[in-house]
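Listing of entry-v3.pdb, PDB, C-alpha atoms
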ATOM      1  CA  MET A   1     -23.921  71.764 131.942
ATOM      2  CA  MET A   2     -20.813  70.676 133.845
ATOM      3  CA  VAL A   3     -18.605  73.193 132.010
ATOM      4  CA  GLY A   4     -21.008  76.038 132.911
ATOM      5  CA  ALA A   5     -20.922  75.048 136.579
ATOM      6  CA  MET A   6     -17.122  74.848 136.498
ATOM      7  CA  ALA A   7     -16.878  78.277 134.849
ATOM      8  CA  LYS A   8     -19.189  79.745 137.499
ATOM      9  CA  SER A   9     -17.084  78.155 140.231
ATOM     10  CA  VAL A  10     -13.885  79.562 138.743
ATOM     11  CA  GLU A  11     -15.477  83.008 138.405
ATOM     12  CA  ARG A  12     -16.681  82.932 142.032
ATOM     13  CA  THR A  13     -13.227  81.810 143.169
ATOM     14  CA  ASP A  14     -11.690  84.732 141.265
ATOM     15  CA  ILE A  15     -14.049  87.171 142.991
ATOM     16  CA  ASP A  16     -13.415  85.485 146.348
ATOM     17  CA  GLY A  17      -9.702  86.095 145.796
ATOM     18  CA  LEU A  18     -10.415  89.669 144.788
ATOM     19  CA  VAL A  19     -12.344  90.186 148.033
ATOM     20  CA  GLN A  20      -9.438  88.850 150.067
ATOM     21  CA  ARG A  21      -6.859  90.927 148.170
ATOM     22  CA  ALA A  22      -8.983  94.087 148.494
ATOM     23  CA  ARG A  23      -7.959  94.358 152.138
ATOM     24  CA  VAL A  24      -4.409  95.198 151.105
ATOM     25  CA  GLU A  25      -4.537  96.075 147.389
ATOM     26  CA  ALA A  26      -6.154  99.278 146.140
ATOM     27  CA  GLU A  27      -6.446  97.765 142.644
ATOM     28  CA  ALA A  28      -8.515  94.828 143.941
ATOM     29  CA  LEU A  29     -10.794  97.209 145.841
ATOM     30  CA  SER A  30     -11.138  99.270 142.675
ATOM     31  CA  GLN A  31     -12.217  96.163 140.761
ATOM     32  CA  LEU A  32     -14.846  95.360 143.404
ATOM     33  CA  TYR A  33     -16.070  98.940 143.101
ATOM     34  CA  GLU A  34     -16.445  98.484 139.337
ATOM     35  CA  LEU A  35     -18.294  95.177 139.839
ATOM     36  CA  TYR A  36     -20.759  96.497 142.413
ATOM     37  CA  TYR A  37     -21.229 100.204 141.776
ATOM     38  CA  GLU A  38     -24.247  99.852 139.458
ATOM     39  CA  ARG A  39     -26.047  97.409 141.774
ATOM     40  CA  ILE A  40     -25.593  99.612 144.816
ATOM     41  CA  PHE A  41     -26.509 102.755 142.882
ATOM     42  CA  ARG A  42     -29.694 101.073 141.609
ATOM     43  CA  PHE A  43     -30.545  99.956 145.152
ATOM     44  CA  CYS A  44     -30.084 103.536 146.398
ATOM     45  CA  VAL A  45     -32.225 104.970 143.592
ATOM     46  CA  HIS A  46     -35.050 102.609 144.523
ATOM     47  CA  ARG A  47     -34.731 103.493 148.204
ATOM     48  CA  LEU A  48     -34.356 107.251 147.784
ATOM     49  CA  PHE A  49     -36.311 107.947 144.548
ATOM     50  CA  SER A  50     -33.676 110.381 143.326
ATOM     51  CA  LYS A  51     -30.653 109.715 141.144
ATOM     52  CA  GLU A  52     -28.732 112.689 142.503
ATOM     53  CA  THR A  53     -29.292 111.637 146.113
ATOM     54  CA  ALA A  54     -28.532 108.021 145.220
ATOM     55  CA  GLU A  55     -25.193 109.112 143.739
ATOM     56  CA  ASP A  56     -24.283 110.853 146.998
ATOM     57  CA  VAL A  57     -25.342 107.926 149.167
ATOM     58  CA  THR A  58     -23.611 105.412 146.869
ATOM     59  CA  SER A  59     -20.417 107.438 147.191
ATOM     60  CA  ALA A  60     -20.805 107.382 150.970
ATOM     61  CA  VAL A  61     -21.308 103.608 150.847
ATOM     62  CA  PHE A  62     -18.071 103.045 148.957
ATOM     63  CA  LEU A  63     -16.169 105.477 151.185
ATOM     64  CA  LYS A  64     -17.369 103.430 154.167
ATOM     65  CA  VAL A  65     -16.290 100.230 152.374
ATOM     66  CA  ALA A  66     -12.857 101.695 151.622
ATOM     67  CA  SER A  67     -12.375 102.781 155.219
ATOM     68  CA  GLY A  68     -13.584  99.477 156.653
ATOM     69  CA  ILE A  69     -12.217  96.917 154.188
ATOM     70  CA  ARG A  70      -9.107  96.156 156.255
ATOM     71  CA  SER A  71     -11.235  95.039 159.204
ATOM     72  CA  PHE A  72     -13.853  93.262 157.050
ATOM     73  CA  GLY A  73     -14.061  89.703 158.352
ATOM     74  CA  GLY A  74     -15.585  87.989 155.310
ATOM     75  CA  ARG A  75     -13.650  85.848 152.885
ATOM     76  CA  THR A  76     -16.046  85.266 149.977
ATOM     77  CA  GLU A  77     -17.862  87.261 147.347
ATOM     78  CA  ARG A  78     -21.106  86.406 149.122
ATOM     79  CA  ASP A  79     -19.792  87.800 152.424
ATOM     80  CA  PHE A  80     -18.679  90.975 150.672
ATOM     81  CA  ARG A  81     -21.984  91.406 148.815
ATOM     82  CA  ASN A  82     -23.975  90.993 152.026
ATOM     83  CA  TRP A  83     -21.710  93.439 153.865
ATOM     84  CA  LEU A  84     -21.985  95.924 151.006
ATOM     85  CA  TYR A  85     -25.797  95.785 150.878
ATOM     86  CA  ALA A  86     -25.981  96.094 154.670
ATOM     87  CA  ILE A  87     -23.846  99.251 154.481
ATOM     88  CA  ALA A  88     -26.000 100.575 151.623
ATOM     89  CA  ALA A  89     -29.212  99.917 153.565
ATOM     90  CA  ASN A  90     -27.792 101.619 156.651
ATOM     91  CA  GLN A  91     -26.578 104.624 154.669
ATOM     92  CA  ALA A  92     -29.930 105.007 152.872
ATOM     93  CA  ASN A  93     -31.830 104.712 156.149
ATOM     94  CA  ALA A  94     -29.516 107.218 157.828
ATOM     95  CA  TYR A  95     -30.014 109.652 154.977
ATOM     96  CA  ILE A  96     -33.782 109.322 155.214
ATOM     97  CA  ARG A  97     -33.778 109.716 159.005
ATOM     98  CA  LYS A  98     -31.500 112.746 159.015
ATOM     99  CA  SER A  99     -32.998 114.429 156.006
ATOM    100  CA  SER A 100     -35.892 116.813 156.123
ATOM    101  CA  ARG A 101     -35.966 116.464 152.349
ATOM    102  CA  ARG A 102     -37.840 113.157 152.455
ATOM    103  CA  GLN A 103     -41.143 114.730 151.442
ATOM    104  CA  ARG A 104     -39.454 116.758 148.726
ATOM    105  CA  LEU A 105     -37.938 113.534 147.303
ATOM    106  CA  LEU A 106     -41.401 112.014 147.175
ATOM    107  CA  ALA A 107     -42.827 115.125 145.508
ATOM    108  CA  GLN A 108     -40.060 114.988 142.886
ATOM    109  CA  ALA A 109     -40.763 111.296 142.291
ATOM    110  CA  VAL A 110     -44.501 111.988 141.969
ATOM    111  CA  MET A 111     -43.951 114.829 139.495
ATOM    112  CA  SER A 112     -41.495 112.712 137.508
ATOM    113  CA  MET A 113     -43.839 109.735 137.385
ATOM    114  CA  ARG A 114     -46.861 111.868 136.477
ATOM    115  CA  ALA A 115     -44.902 113.507 133.662
ATOM    116  CA  THR A 116     -43.933 110.044 132.395
ATOM    117  CA  ALA A 117     -47.528 108.822 132.699
ATOM    118  CA  ALA A 118     -48.842 111.915 130.871
ATOM    119  CA  ASN A 119     -46.566 111.079 127.937
ATOM    120  CA  SER A 120     -47.639 107.428 127.932
ATOM    121  CA  ALA A 121     -50.407 106.380 125.551
ATOM    122  CA  ASP A 122     -51.501 103.299 127.525
ATOM    123  CA  TYR A 123     -52.296 104.109 131.164
ATOM    124  CA  SER A 124     -53.603 100.642 132.014
ATOM    125  CA  VAL A 125     -50.189  98.957 131.667
ATOM    126  CA  GLU A 126     -48.251 101.067 134.180
ATOM    127  CA  PRO A 127     -48.948 100.804 137.883
ATOM    128  CA  ASP A 128     -49.668 104.024 139.748
ATOM    129  CA  TRP A 129     -46.027 104.576 140.752
ATOM    130  CA  PRO A 130     -46.562 107.799 142.700
ATOM    131  CA  MET A 131     -49.241 106.135 144.814
ATOM    132  CA  LEU A 132     -47.020 103.082 145.296
ATOM    133  CA  TYR A 133     -43.999 105.194 146.283
ATOM    134  CA  ALA A 134     -46.147 107.229 148.684
ATOM    135  CA  ALA A 135     -47.374 103.997 150.290
ATOM    136  CA  ILE A 136     -43.822 102.598 150.549
ATOM    137  CA  LEU A 137     -42.673 105.803 152.249
ATOM    138  CA  LYS A 138     -45.273 105.252 154.971
ATOM    139  CA  LEU A 139     -43.447 102.065 155.977
ATOM    140  CA  LYS A 140     -40.650 101.963 158.558
ATOM    141  CA  PRO A 141     -37.162 102.337 156.978
ATOM    142  CA  GLU A 142     -36.329  98.689 157.756
ATOM    143  CA  HIS A 143     -39.476  97.582 155.934
ATOM    144  CA  GLN A 144     -38.663  99.845 152.992
ATOM    145  CA  THR A 145     -35.296  98.097 152.803
ATOM    146  CA  ILE A 146     -36.916  94.654 152.661
ATOM    147  CA  ILE A 147     -39.319  95.779 149.910
ATOM    148  CA  THR A 148     -36.457  97.295 147.921
ATOM    149  CA  LEU A 149     -34.181  94.258 148.244
ATOM    150  CA  ARG A 150     -36.959  91.822 147.335
ATOM    151  CA  PHE A 151     -38.836  93.614 144.551
ATOM    152  CA  PHE A 152     -36.404  96.137 143.085
ATOM    153  CA  GLU A 153     -33.163  94.196 143.548
ATOM    154  CA  ASN A 154     -34.845  90.781 143.069
ATOM    155  CA  LEU A 155     -32.867  89.182 145.871
ATOM    156  CA  LYS A 156     -33.871  85.828 147.321
ATOM    157  CA  PHE A 157     -35.138  85.559 150.885
ATOM    158  CA  GLU A 158     -31.923  83.817 151.891
ATOM    159  CA  GLN A 159     -29.837  86.738 150.605
ATOM    160  CA  ILE A 160     -32.056  89.319 152.303
ATOM    161  CA  ALA A 161     -31.805  87.400 155.583
ATOM    162  CA  GLU A 162     -28.003  87.402 155.340
ATOM    163  CA  ILE A 163     -27.877  91.126 154.576
ATOM    164  CA  LEU A 164     -30.193  91.959 157.474
ATOM    165  CA  ASP A 165     -28.614  89.396 159.792
ATOM    166  CA  ALA A 166     -31.987  87.739 160.337
ATOM    167  CA  ARG A 167     -33.508  84.313 159.860
ATOM    168  CA  GLU A 168     -34.988  83.572 156.431
ATOM    169  CA  ALA A 169     -38.338  82.609 157.985
ATOM    170  CA  THR A 170     -38.434  85.937 159.829
ATOM    171  CA  VAL A 171     -37.863  87.829 156.571
ATOM    172  CA  ARG A 172     -40.669  85.874 154.866
ATOM    173  CA  VAL A 173     -43.150  86.551 157.675
ATOM    174  CA  THR A 174     -42.107  90.201 157.905
ATOM    175  CA  LEU A 175     -42.500  90.663 154.151
ATOM    176  CA  HIS A 176     -45.969  89.089 154.287
ATOM    177  CA  ARG A 177     -46.977  91.575 157.002
ATOM    178  CA  ILE A 178     -45.396  94.474 155.109
ATOM    179  CA  LEU A 179     -47.360  93.591 151.971
ATOM    180  CA  LYS A 180     -50.624  93.457 153.946
ATOM    181  CA  LYS A 181     -49.851  96.901 155.370
ATOM    182  CA  LEU A 182     -48.899  98.195 151.912
ATOM    183  CA  ARG A 183     -52.195  96.877 150.492
ATOM    184  CA  LYS A 184     -54.107  98.774 153.200
ATOM    185  CA  TYR A 185     -52.234 101.992 152.419
ATOM    186  CA  LEU A 186     -52.873 101.596 148.698
ATOM    187  CA  GLN A 187     -56.538 100.743 149.252
ATOM    188  CA  ALA A 188     -56.969 103.833 151.439
ATOM    189  CA  SER A 189     -55.225 105.991 148.814
ATOM    190  CA  PHE A 190     -57.357 104.532 146.021
ATOM    191  CA  GLU A 191     -60.583 105.103 147.961
ATOM    192  CA  GLY A 192     -59.443 108.645 148.747
ATOM    193  CA  GLU A 193     -59.121 109.429 145.029
ATOM    194  CA  ALA A 194     -62.560 108.100 144.121
TER     195      ALA A 194
END

Here is a file; write its structure as structure tokens.
Amino acid sequence: MMVGAMAKSVERTDIDGLVQRARVEAEALSQLYELYYERIFRFCVHRLFSKETAEDVTSAVFLKVASGIRSFGGRTERDFRNWLYAIAANQANAYIRKSSRRQRLLAQAVMSMRATAANSADYSVEPDWPMLYAAILKLKPEHQTIITLRFFENLKFEQIAEILDAREATVRVTLHRILKKLRKYLQASFEGEA
């Protein structure tokens, strides 16, 4: 048990050093990119429902990181991760706001999910993803971010609060309200199909 904790501490210290070196060393920044690309890409896919769009936004995120790393004030891996997710959330939200393709992204997600469901033998196991995505898209972008960080990225409330620069209790209460709203949207959609 003690050895595992020590190894984790050493690993975190190594990443902390990497974060600090990334301000002046391209190689260190490249290593951080390798460590975090998949996580940020996955976050963007869940927010934007399109791999192609997520690739573009993820690229924009890392370009923003590269241009801002010298002025980044954090010193630890945790600081960097929170900064990175905050940039990713802002970039995804900006894309959604500026894009008139939002409805087309949803339509693509719906068609993709329906095609997957049509090929599935057991319909009772899978949730109705198109309906869920449609309901999530009715939420404000900030609320979509909270849902994505909590349920698709499996982040703890403390981490979400740090990323959003909010209090943990505020995130918990906000998520509770978001879920109530989401339930209403889903209920209305379900009743509309019947």

So that I can see what lies close to Asn93 in chain A, please list as a PDB file with C-alpha atoms, keeping the file's coordinate frame the residues with an atom at most 10 Å from it, counting all atoms listed in the file and leaving out residues fewer than 3 positions away in the same chain.
ATOM      1  CA  CYS A  44     -30.084 103.536 146.398  1.00  0.00           C
ATOM      2  CA  ARG A  47     -34.731 103.493 148.204  1.00  0.00           C
ATOM      3  CA  LEU A  48     -34.356 107.251 147.784  1.00  0.00           C
ATOM      4  CA  ILE A  87     -23.846  99.251 154.481  1.00  0.00           C
ATOM      5  CA  ALA A  88     -26.000 100.575 151.623  1.00  0.00           C
ATOM      6  CA  ALA A  89     -29.212  99.917 153.565  1.00  0.00           C
ATOM      7  CA  ASN A  90     -27.792 101.619 156.651  1.00  0.00           C
ATOM      8  CA  ILE A  96     -33.782 109.322 155.214  1.00  0.00           C
ATOM      9  CA  ARG A  97     -33.778 109.716 159.005  1.00  0.00           C
ATOM     10  CA  LYS A  98     -31.500 112.746 159.015  1.00  0.00           C
ATOM     11  CA  SER A  99     -32.998 114.429 156.006  1.00  0.00           C
ATOM     12  CA  LYS A 140     -40.650 101.963 158.558  1.00  0.00           C
ATOM     13  CA  PRO A 141     -37.162 102.337 156.978  1.00  0.00           C
ATOM     14  CA  GLU A 142     -36.329  98.689 157.756  1.00  0.00           C
ATOM     15  CA  GLN A 144     -38.663  99.845 152.992  1.00  0.00           C
ATOM     16  CA  THR A 145     -35.296  98.097 152.803  1.00  0.00           C
TER      17      THR A 145
END

Spatial neighbours of range 157-167 of chain A, max dist 7 Å, all atoms listed in the file, sep filter under 4 positions, as a ChimeraX atom specification: /A:82-83,85-86,149,171-172

Residues in the PyMOL selection byres ((chain A and resi 35) around 12), expressed as a list in words: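 So the PyMOL selection byres ((chain A and resi 35) around 12) ends up selecting Ile15, Leu18, Val19, Ala28, Leu29, Ser30, Gln31, Leu32, Tyr33, Glu34, Tyr36, Tyr37, Glu38, Arg39, Ile40, Phe41, Glu77, Phe80, Arg81 and Leu84 of chain A.
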
Using all atoms listed in the file: which of A:Arg78, A:Arg23, A:Lys138, A:Asp56 has the shortest distance to Arg183 in chain A: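 Going through A:Arg78, A:Arg23, A:Lys138, A:Asp56 one by one, the smallest distance to Arg183 in chain A is for A:Lys138.
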
Residue IDs satisfying the PyMOL selection byres ((chain A and resi 153) around 10), as a list in words: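 Evaluating the PyMOL selection byres ((chain A and resi 153) around 10) on this file yields Arg39, Ile40, Arg42, Phe43, His46, Ile146, Ile147, Thr148, Leu149, Arg150, Phe151, Phe152, Asn154, Leu155 and Lys156 of chain A.
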
Emit the selected residues as a short mmCIF file (atom, residue, chain, number, x, y, z; two decimals), in the coordinates of the input, including C-alpha atoms.
data_model
loop_
_atom_site.label_atom_id
_atom_site.label_comp_id
_atom_site.auth_asym_id
_atom_site.auth_seq_id
_atom_site.Cartn_x
_atom_site.Cartn_y
_atom_site.Cartn_z
CA ARG A 39 -26.05 97.41 141.77
CA ILE A 40 -25.59 99.61 144.82
CA ARG A 42 -29.69 101.07 141.61
CA PHE A 43 -30.54 99.96 145.15
CA HIS A 46 -35.05 102.61 144.52
CA ILE A 146 -36.92 94.65 152.66
CA ILE A 147 -39.32 95.78 149.91
CA THR A 148 -36.46 97.30 147.92
CA LEU A 149 -34.18 94.26 148.24
CA ARG A 150 -36.96 91.82 147.34
CA PHE A 151 -38.84 93.61 144.55
CA PHE A 152 -36.40 96.14 143.08
CA ASN A 154 -34.84 90.78 143.07
CA LEU A 155 -32.87 89.18 145.87
CA LYS A 156 -33.87 85.83 147.32
#

Distance criterion (all atoms listed in the file): nearest to Lys180 in chain A out of A:Ser50, A:Glu168, A:Val65, A:Ala135: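 Checking each candidate against Lys180 in chain A, we get A:Ala135 as the closest.
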
Atom pair CA of Tyr133 in chain A / CA of Lys51 in chain A: separation (Å): 15.0 Å

One-decimal distance in Å that lies between CA of Glu27 in chain A and CA of Glu52 in chain A: 26.8 Å

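Evaluated on this file, the PyMOL selection byres ((chain A and resi 75) around 6) matches A:Gln20, A:Gly74, A:Thr76.
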
Please determine an axis-aligned box that encloses all atoms of range 50-68 of chain A listed in the file, with 5 Å added on each side, and express its centre and edge lengths in Å to one decimal as lines of an AutoDock Vina configuration file.
center_x = -23.0
center_y = 106.1
center_z = 148.9
size_x = 31.3
size_y = 23.2
size_z = 25.5

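Put simply, CA of Tyr185 in chain A is 18.7 Å away from CA of Phe49 in chain A.
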